[in-house]
Amino acid sequence: MRSQLLQIMRTVYQSRGLPSPPAIDPWWHCPEIRYCVEDSDAAQPKVCIINLGEGEPDQPSIRAHFMINLNIMRVTDKFMDEKFAAPNEIHDLLTEVRAYAVSEFNNRKSATERARRQREEREAQASREEAEAVQKFHRKLIETDLMSEEHIQDVLDRYPLINFCPLCANSSTSEHPSKLSPCSGCRSLCCLSESCKAHSIDAPKFCAEHPSVVFCKSCIGDGEELRLRPCPVEHCHRWTCSRDWCPGEPVEETKPDADSSGPPRKKVKREAQSAHTRRLAPCSSCLQSSLDWTKCDSGRCWSSSGAICPDCSLNGGSECEAGHMWICDSCTSKKHPVVWACPSCETLVCEKCPDVTRCAGCSKSEACANCQEDEDDRRFQWACEGCGARLCDSCSSSSGNDHSTTCNGCSKEFCNDCSSDVCAQCEGSLCDSCRSECSCGGVADSVMEEMAAEAMYGGYDEY
């Protein structure tokens, strides 16, 4: 279709005595096929057009110079506000383009309809499965003599819902009885209310941290294979799943790369192994009062969202003096930990401590708030105009500074994260606010790319 559009564009320009475009170009000559739809069920669009876009010499934008109405074979010169019949020699090409646009419209309509049917089929299947599961739960109530079929039907007639425990609803005055929960193993429905007699049928347990994780007595397992376990703190009756248990600190092992004979052997690292299998942790409520277990506040910690057992942080980790953050031994030993010592008094501080920050270049720390009162020169002077990130004197004044730059639009100083754009014309740095207005009159590379993408891929849209 590209060659047909180029031929149409050249013919229209020549008919107006204008230079013939040498090629389709996203910057200077960009045709678009578009259509207008009033009735989505119609066999074809109401109107199909071709916009012959033309770049403006004084700014990086595209305007439609000619608009060709494919329904009536008429061309509109939008620059001159004139209309004329399409040249006869391109009528066949215009008919071909219109057929292509209609085909695209029907393809999209078919895809939309197919997606709608698939969604409805999935929803209908889910409804059927839920209805079957509810019927199975009702049969359990009948088989265990907790309710008769007539009694269940009487309760069902009082509520417009499908998925709820009739036994709970019968003893409740609520207009919205609670739903039954599916077992994460066998998907059978269970009543989670321990005060309800139906609860004893499947004796389900659910995770206190992730309530959608439910297991009936048949699927919960036993011994070391338990999928849910009770909180180990005495008198706590909450259950947790393995997502929040301690996964074990990764331990790197080494092995020789040659046999026992020959020269001294080089040690090579093997993939890190966990120090132990997942270990049951206290629930979140008990974890707050536990002196032995805790969670690391470093976003790069090996424990992820899980708790850390005492064996995986034997040295006690590091905690900010103000109690804002705690990190484990492993994260304490990493480069640039989120809890660190004040360079003056060695008091532990963290990212959340007020008036304390680190150099965005070398991660050197300012003095803590107490030390700053005694030493005025311990405060970093350079600050990014965008995000407020600071640089130490060494990083901000060094020749060949790689950590900050001056915006070529507003002349303010920014860190590299806030001035990542470069002018497409002079290659000067630009902040987010100046992407479209460099002092040289140009715009950022990203703006040019956005415009090119819009010009290249903006076709076939309804307008």
# chains A, B, ... in the order shown; residues from 1 in each chain; ligands from 1
$ residues_around --residues "Leu228 (chain A)" --least-positions-apart "4" --cutoff "8 Å" --atoms "only C-alpha atoms" --output "ChimeraX atom specification"
/A:205-207,215,220,239-242
$ residues_around --residues "Leu430 (chain A)" --least-positions-apart "4" --cutoff "8 Å" --atoms "only C-alpha atoms" --output "PyMOL selection string"
chain A and resi 406-409+419-423+434-435+438+444
$ closest_residue --among "A:Ala389, A:Glu130, A:Arg119, A:Lys197" --to "Met147 (chain A)" --atoms "only C-alpha atoms"
A:Lys197
$ atom_distance --atom1 "CA of Ser212 (chain A)" --atom2 "CA of Gly299 (chain A)"
25.4 Å
$ select_by_dssp --residues "region 29-170 of chain A" --states "strand (DSSP E or B)" --output "VMD selection string"
chain A and resid 29 to 36 47 to 55 62 to 69 74 to 77 82 to 85
$ write_last_selection --atoms "N, CA, C and O atoms" --output "compact mmCIF listing (two decimals), in the first residue's frame"
# COMPACT_ATOMS: atom_id res chain seq x y z
N HIS A 29 6.67 14.45 4.22
CA HIS A 29 5.51 14.02 3.44
C HIS A 29 5.01 12.69 4.00
O HIS A 29 5.65 11.65 3.80
N CYS A 30 3.90 12.76 4.70
CA CYS A 30 3.42 11.58 5.41
C CYS A 30 1.92 11.38 5.17
O CYS A 30 1.09 12.09 5.74
N PRO A 31 1.53 10.44 4.31
CA PRO A 31 0.09 10.16 4.08
C PRO A 31 -0.48 9.27 5.18
O PRO A 31 0.20 8.41 5.72
N GLU A 32 -1.75 9.50 5.51
CA GLU A 32 -2.46 8.70 6.49
C GLU A 32 -3.80 8.27 5.93
O GLU A 32 -4.51 9.07 5.31
N ILE A 33 -4.16 7.02 6.15
CA ILE A 33 -5.49 6.52 5.79
C ILE A 33 -6.33 6.55 7.06
O ILE A 33 -5.93 6.02 8.09
N ARG A 34 -7.50 7.20 6.97
CA ARG A 34 -8.37 7.29 8.13
C ARG A 34 -9.82 7.01 7.72
O ARG A 34 -10.16 7.10 6.54
N TYR A 35 -10.62 6.67 8.72
CA TYR A 35 -12.04 6.46 8.43
C TYR A 35 -12.88 6.93 9.62
O TYR A 35 -12.40 7.00 10.76
N CYS A 36 -14.12 7.28 9.33
CA CYS A 36 -15.06 7.74 10.33
C CYS A 36 -16.18 6.72 10.46
O CYS A 36 -16.72 6.25 9.46
N VAL A 47 -17.21 7.22 6.13
CA VAL A 47 -16.33 7.98 5.24
C VAL A 47 -14.92 7.44 5.37
O VAL A 47 -14.45 7.14 6.47
N CYS A 48 -14.21 7.31 4.24
CA CYS A 48 -12.79 6.96 4.22
C CYS A 48 -12.02 8.11 3.56
O CYS A 48 -12.47 8.63 2.53
N ILE A 49 -10.90 8.49 4.15
CA ILE A 49 -10.12 9.60 3.59
C ILE A 49 -8.65 9.26 3.59
O ILE A 49 -8.21 8.32 4.28
N ILE A 50 -7.90 10.04 2.84
CA ILE A 50 -6.43 10.03 2.91
C ILE A 50 -6.00 11.44 3.25
O ILE A 50 -6.37 12.40 2.56
N ASN A 51 -5.24 11.60 4.31
CA ASN A 51 -4.64 12.89 4.65
C ASN A 51 -3.21 12.90 4.14
O ASN A 51 -2.41 12.01 4.49
N LEU A 52 -2.86 13.85 3.31
CA LEU A 52 -1.49 14.01 2.82
C LEU A 52 -0.82 15.05 3.69
O LEU A 52 -0.96 16.26 3.49
N GLY A 53 -0.10 14.59 4.72
CA GLY A 53 0.54 15.49 5.67
C GLY A 53 1.82 16.08 5.12
O GLY A 53 2.53 15.46 4.33
N GLU A 54 2.11 17.28 5.57
CA GLU A 54 3.31 18.00 5.10
C GLU A 54 3.98 18.67 6.28
O GLU A 54 3.32 19.35 7.09
N GLY A 55 5.29 18.50 6.41
CA GLY A 55 6.03 19.10 7.51
C GLY A 55 6.17 20.60 7.34
O GLY A 55 6.28 21.11 6.22
N ILE A 62 3.52 18.30 11.72
CA ILE A 62 2.92 17.88 10.45
C ILE A 62 1.50 18.44 10.36
O ILE A 62 0.72 18.33 11.31
N ARG A 63 1.17 19.05 9.20
CA ARG A 63 -0.20 19.50 8.95
C ARG A 63 -0.71 18.84 7.68
O ARG A 63 0.05 18.60 6.74
N ALA A 64 -2.01 18.55 7.66
CA ALA A 64 -2.60 17.96 6.46
C ALA A 64 -2.71 19.03 5.37
O ALA A 64 -3.41 20.03 5.55
N HIS A 65 -1.99 18.82 4.23
CA HIS A 65 -2.08 19.76 3.10
C HIS A 65 -3.28 19.43 2.23
O HIS A 65 -4.09 20.29 1.88
N PHE A 66 -3.41 18.14 1.90
CA PHE A 66 -4.54 17.70 1.08
C PHE A 66 -5.31 16.61 1.81
O PHE A 66 -4.73 15.75 2.48
N MET A 67 -6.63 16.66 1.69
CA MET A 67 -7.49 15.61 2.22
C MET A 67 -8.31 15.04 1.06
O MET A 67 -9.01 15.77 0.36
N ILE A 68 -8.20 13.74 0.83
CA ILE A 68 -8.89 13.08 -0.27
C ILE A 68 -10.06 12.28 0.28
O ILE A 68 -9.87 11.34 1.08
N ASN A 69 -11.27 12.64 -0.10
CA ASN A 69 -12.47 11.90 0.28
C ASN A 69 -12.64 10.74 -0.68
O ASN A 69 -12.95 10.92 -1.86
N ARG A 74 -12.96 13.28 -4.16
CA ARG A 74 -12.74 14.71 -4.18
C ARG A 74 -11.58 15.07 -3.26
O ARG A 74 -11.42 14.49 -2.18
N VAL A 75 -10.78 16.07 -3.69
CA VAL A 75 -9.60 16.50 -2.95
C VAL A 75 -9.85 17.89 -2.38
O VAL A 75 -10.37 18.77 -3.08
N THR A 76 -9.47 18.08 -1.11
CA THR A 76 -9.56 19.40 -0.48
C THR A 76 -8.16 19.90 -0.18
O THR A 76 -7.39 19.22 0.50
N ASP A 77 -7.81 21.06 -0.74
CA ASP A 77 -6.53 21.71 -0.44
C ASP A 77 -6.75 22.55 0.81
O ASP A 77 -7.36 23.62 0.77
N GLU A 82 -9.55 25.08 -0.97
CA GLU A 82 -10.17 24.83 -2.27
C GLU A 82 -10.46 23.33 -2.40
O GLU A 82 -9.75 22.49 -1.84
N LYS A 83 -11.47 23.01 -3.21
CA LYS A 83 -11.84 21.62 -3.46
C LYS A 83 -11.82 21.37 -4.96
O LYS A 83 -12.21 22.24 -5.74
N PHE A 84 -11.39 20.16 -5.35
CA PHE A 84 -11.35 19.80 -6.76
C PHE A 84 -11.46 18.28 -6.89
O PHE A 84 -11.19 17.54 -5.93
N ALA A 85 -11.86 17.84 -8.06
CA ALA A 85 -12.02 16.40 -8.31
C ALA A 85 -10.66 15.71 -8.35
O ALA A 85 -9.67 16.28 -8.83
$ residues_around --residues "region 318-322 of chain A" --least-positions-apart "3" --cutoff "8 Å" --atoms "only C-alpha atoms" --output "number ranges by chain"
A: 325-329, 332, 339-340, 347-350, 353
$ select_by_dssp --residues "region 24-191 of chain A" --states "alpha helix (DSSP H)" --output "PyMOL selection string"
chain A and resi 91-143+149-158+166-170
$ write_last_selection --atoms "C-alpha atoms" --output "compact mmCIF listing (two decimals), in the first residue's frame"
# COMPACT_ATOMS: atom_id res chain seq x y z
CA HIS A 91 -9.18 6.70 -9.47
CA ASP A 92 -8.27 3.01 -9.55
CA LEU A 93 -5.63 3.54 -6.86
CA LEU A 94 -8.07 5.45 -4.68
CA THR A 95 -10.61 2.64 -5.06
CA GLU A 96 -7.93 0.15 -4.01
CA VAL A 97 -7.01 2.24 -0.95
CA ARG A 98 -10.67 2.54 0.05
CA ALA A 99 -11.09 -1.24 -0.20
CA TYR A 100 -8.01 -1.60 1.99
CA ALA A 101 -9.45 0.82 4.60
CA VAL A 102 -12.78 -1.05 4.62
CA SER A 103 -10.89 -4.33 5.04
CA GLU A 104 -8.94 -2.88 8.00
CA PHE A 105 -12.20 -1.66 9.55
CA ASN A 106 -13.79 -5.10 9.22
CA ASN A 107 -10.67 -6.83 10.55
CA ARG A 108 -10.73 -4.62 13.64
CA LYS A 109 -14.45 -5.12 14.07
CA SER A 110 -14.02 -8.90 13.79
CA ALA A 111 -11.16 -8.87 16.29
CA THR A 112 -13.23 -6.79 18.73
CA GLU A 113 -16.21 -9.09 18.35
CA ARG A 114 -14.02 -12.18 18.77
CA ALA A 115 -12.50 -10.74 21.97
CA ARG A 116 -16.01 -9.91 23.28
CA ARG A 117 -17.24 -13.46 22.63
CA GLN A 118 -14.19 -14.97 24.30
CA ARG A 119 -14.67 -12.73 27.34
CA GLU A 120 -18.34 -13.67 27.57
CA GLU A 121 -17.47 -17.36 27.24
CA ARG A 122 -14.92 -17.09 30.06
CA GLU A 123 -17.42 -15.27 32.25
CA ALA A 124 -20.14 -17.82 31.47
CA GLN A 125 -17.75 -20.69 32.21
CA ALA A 126 -16.74 -19.09 35.52
CA SER A 127 -20.43 -18.64 36.41
CA ARG A 128 -21.18 -22.27 35.59
CA GLU A 129 -18.24 -23.49 37.67
CA GLU A 130 -19.29 -21.27 40.59
CA ALA A 131 -22.87 -22.53 40.39
CA GLU A 132 -21.65 -26.16 40.38
CA ALA A 133 -19.40 -25.47 43.38
CA VAL A 134 -22.30 -23.86 45.26
CA GLN A 135 -24.48 -26.90 44.52
CA LYS A 136 -21.76 -29.19 45.89
CA PHE A 137 -21.59 -27.10 49.07
CA HIS A 138 -25.39 -27.34 49.45
CA ARG A 139 -25.18 -31.13 49.08
CA LYS A 140 -22.59 -31.20 51.89
CA LEU A 141 -25.03 -29.34 54.14
CA ILE A 142 -27.76 -31.88 53.31
CA GLU A 143 -25.49 -34.94 53.68
CA GLU A 149 -33.04 -29.08 50.78
CA GLU A 150 -36.31 -27.22 51.48
CA HIS A 151 -34.67 -25.13 54.18
CA ILE A 152 -31.81 -24.20 51.85
CA GLN A 153 -34.25 -23.18 49.14
CA ASP A 154 -36.18 -21.00 51.59
CA VAL A 155 -32.97 -19.14 52.45
CA LEU A 156 -31.98 -18.81 48.79
CA ASP A 157 -35.35 -17.26 47.98
CA ARG A 158 -34.66 -14.44 50.42
CA PRO A 166 -27.20 -20.59 53.70
CA LEU A 167 -26.52 -21.69 57.27
CA CYS A 168 -24.79 -18.39 58.12
CA ALA A 169 -27.46 -16.39 56.29
CA ASN A 170 -30.23 -18.20 58.15
$ closest_residue --among "A:Ile308, A:Pro232, A:Ser429, A:Ser365" --to "Ser446 (chain A)" --atoms "only C-alpha atoms"
A:Ser429
$ atom_distance --atom1 "CA of Cys331 (chain A)" --atom2 "CA of Lys352 (chain A)"
16.8 Å
